[in-house]
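Worksheet for the structure shown next.
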Amino acid sequence: MSTLELVGGIILLVSCVLMILLGLMQDQKQDQNMTSAITGGSYDSAFSKNEGNTKEARLKRWTTFLCVLFFVTTLVVTIVPVWFTSGGGSSAAG
């Protein structure tokens, strides 16, 4: 196992665990359906203008960042070793 695979595996493990924890910390969104229309429930609040600064918005940003990190790290760990073992990625048919 190469150093790249070891470091990549650690990054994948940490990002996966953090994604799960951040996903569990987020509140569930309530759908606006007929019940909320009848009972008067709505998403409009005094905090809607500062929605980007809320705890939920930060959790969403971090979750998105970790998902992208997980995806990119998976590609790097999968593709880079193949690239170097096949001689730079260019193979001549012959």
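Numbering starts fresh at 1 for the residues of each chain in the structure tokens, the chains themselves are lettered A, B, ... in the order given, and ligands are numbered from 1 as they appear.
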
All residues 6 Å or closer to stretch 3-16 of chain A, only C-alpha atoms, same chain fewer than 5 positions away omitted, as an MDAnalysis selection string: chainID A and resid 66 70 77

Mind writing the picked residues with N, CA and C atoms as a CSV table (one decimal), in the first residue's frame?
chain,number,residue,atom,x,y,z
A,66,LEU,N,-17.4,18.6,2.6
A,66,LEU,CA,-17.0,17.3,2.9
A,66,LEU,C,-17.4,16.3,1.8
A,70,PHE,N,-14.7,14.2,-0.2
A,70,PHE,CA,-14.8,12.8,-0.3
A,70,PHE,C,-14.8,12.3,-1.8
A,77,VAL,N,-7.4,8.8,-5.2
A,77,VAL,CA,-6.9,7.5,-4.7
A,77,VAL,C,-7.1,6.4,-5.8

Atomic separation - atom CA of A:Met19 relative to atom CA of A:Cys67, Å: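 Calculated distance between atom CA of A:Cys67 and atom CA of A:Met19 is 7.1 Å.
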